[in-house]
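Enquirer: Please find one structure pasted underneath; my questions will follow.
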Amino acid sequence: MQDENFYVQLKKFFKDLGLTQRQIADKLGVKQSYVNLMLNGRNPIGRHNAQKFHDAYGLSVAWLLTGEGEMMARGAAVNTINIDARDNRGNTITAAGGSSVGHVSQATGGDAATVVKMQEQIDKLIDQNQKLIDLLAESIKNNQQ
């Protein structure tokens with residue numbers, strides 16, 4: 001079982017992000033009451049949920065399981081996809097995207113609020129990029145007909 005400081009840090013992390021237990025639960029795919037039990041040390045986080053916390057928020061699986069080491073996971077550099085093309089009106093289309101919150105935390109030094117804001121921006125970029133890629137594919141298809 002983790003010490004009290006571990007749970008204080010974990011709750012502060014989510015408080016700093018402005019997230020409710022309901023929002024955390026929705027992101028992890030569990031019930032809010034279960035998140036409450038985990039955040040208050042009454043239920044162990046476990047490997048499966050530690051991986052969910054890592055995937056969703058960039059927290060270190062090892063830290064979640066042992067309370068030792070760095071809170072934020074270390075990861076690879078941010079991946080970026082750049083696509084430049086012209087639509088059927090001759091306008092330049094540029095698309096760029098990024099990687100998961102775990103990788104962003106490495107690039108930002110692990111500041112939780114910055115990581116979440118960057119992840120939200122990246123998610124928006126990825127959605128916009130997908131729309132641009134779809135438009136580009138449609139434009140290419142129309143030009144080939």
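How things are named: the first chain in the structure tokens is A, the next is B, and so on; residues count from 1 in each chain; ligands count from 1 in the order shown.
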Quick one: everything within 9 Å of A:Val35, counting only C-alpha atoms, minus sequence neighbours fewer than 3 positions away in the same chain. Send it as a PyMOL selection string.

Expert: chain A and resi 21-22+24-25+28+30-32+38-40+43+45

Enquirer: What does the distance from atom CA of A:Glu68 to atom CA of A:Gln119 come to in Å, to one decimal?

Expert: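 Atom CA of A:Glu68 sits 25.3 Å away from atom CA of A:Gln119.
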
Enquirer: So that I can check the surroundings of A:Leu64, please list as an mmCIF file with C-alpha atoms, in the first residue's frame every protein, DNA and RNA residue that reaches within 12 Å of it, counting only C-alpha atoms and ignoring chain neighbours fewer than 6 positions away.

Expert:
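The result, written out as out-v1.cif:
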data_model
loop_
_atom_site.group_PDB
_atom_site.id
_atom_site.type_symbol
_atom_site.label_atom_id
_atom_site.label_comp_id
_atom_site.auth_asym_id
_atom_site.auth_seq_id
_atom_site.Cartn_x
_atom_site.Cartn_y
_atom_site.Cartn_z
ATOM 1 C CA MET A 1 0.000 0.000 0.000
ATOM 2 C CA GLN A 2 1.229 3.507 -0.876
ATOM 3 C CA ASP A 3 1.942 6.100 1.780
ATOM 4 C CA PHE A 6 1.374 9.360 -2.692
ATOM 5 C CA TYR A 7 -2.397 9.881 -2.564
ATOM 6 C CA GLN A 9 0.229 13.967 -4.838
ATOM 7 C CA LEU A 10 -2.162 12.000 -7.028
ATOM 8 C CA MET A 38 -8.330 4.426 -5.747
ATOM 9 C CA LEU A 39 -7.556 8.114 -5.099
ATOM 10 C CA GLY A 41 -6.077 4.470 -1.028
ATOM 11 C CA PRO A 44 -5.280 -0.628 -4.970
ATOM 12 C CA ILE A 45 -4.743 0.932 -8.395
ATOM 13 C CA GLY A 46 -3.452 -2.299 -9.918
ATOM 14 C CA ARG A 47 -1.545 -2.849 -13.144
ATOM 15 C CA HIS A 48 -4.552 -2.569 -15.474
ATOM 16 C CA ASN A 49 -5.716 0.756 -14.037
ATOM 17 C CA ALA A 50 -2.148 2.050 -13.780
ATOM 18 C CA GLN A 51 -1.858 1.491 -17.528
ATOM 19 C CA LYS A 52 -5.144 3.372 -18.046
ATOM 20 C CA PHE A 53 -3.854 6.303 -15.962
ATOM 21 C CA HIS A 54 -0.649 6.243 -17.993
ATOM 22 C CA TYR A 57 -2.678 11.256 -18.315
ATOM 23 C CA GLY A 58 0.960 10.271 -18.838
ATOM 24 C CA GLU A 70 9.043 9.993 -11.146
ATOM 25 C CA MET A 71 5.316 10.675 -11.195
ATOM 26 C CA MET A 72 5.274 11.410 -14.921
ATOM 27 C CA ALA A 73 6.304 8.765 -17.414
#
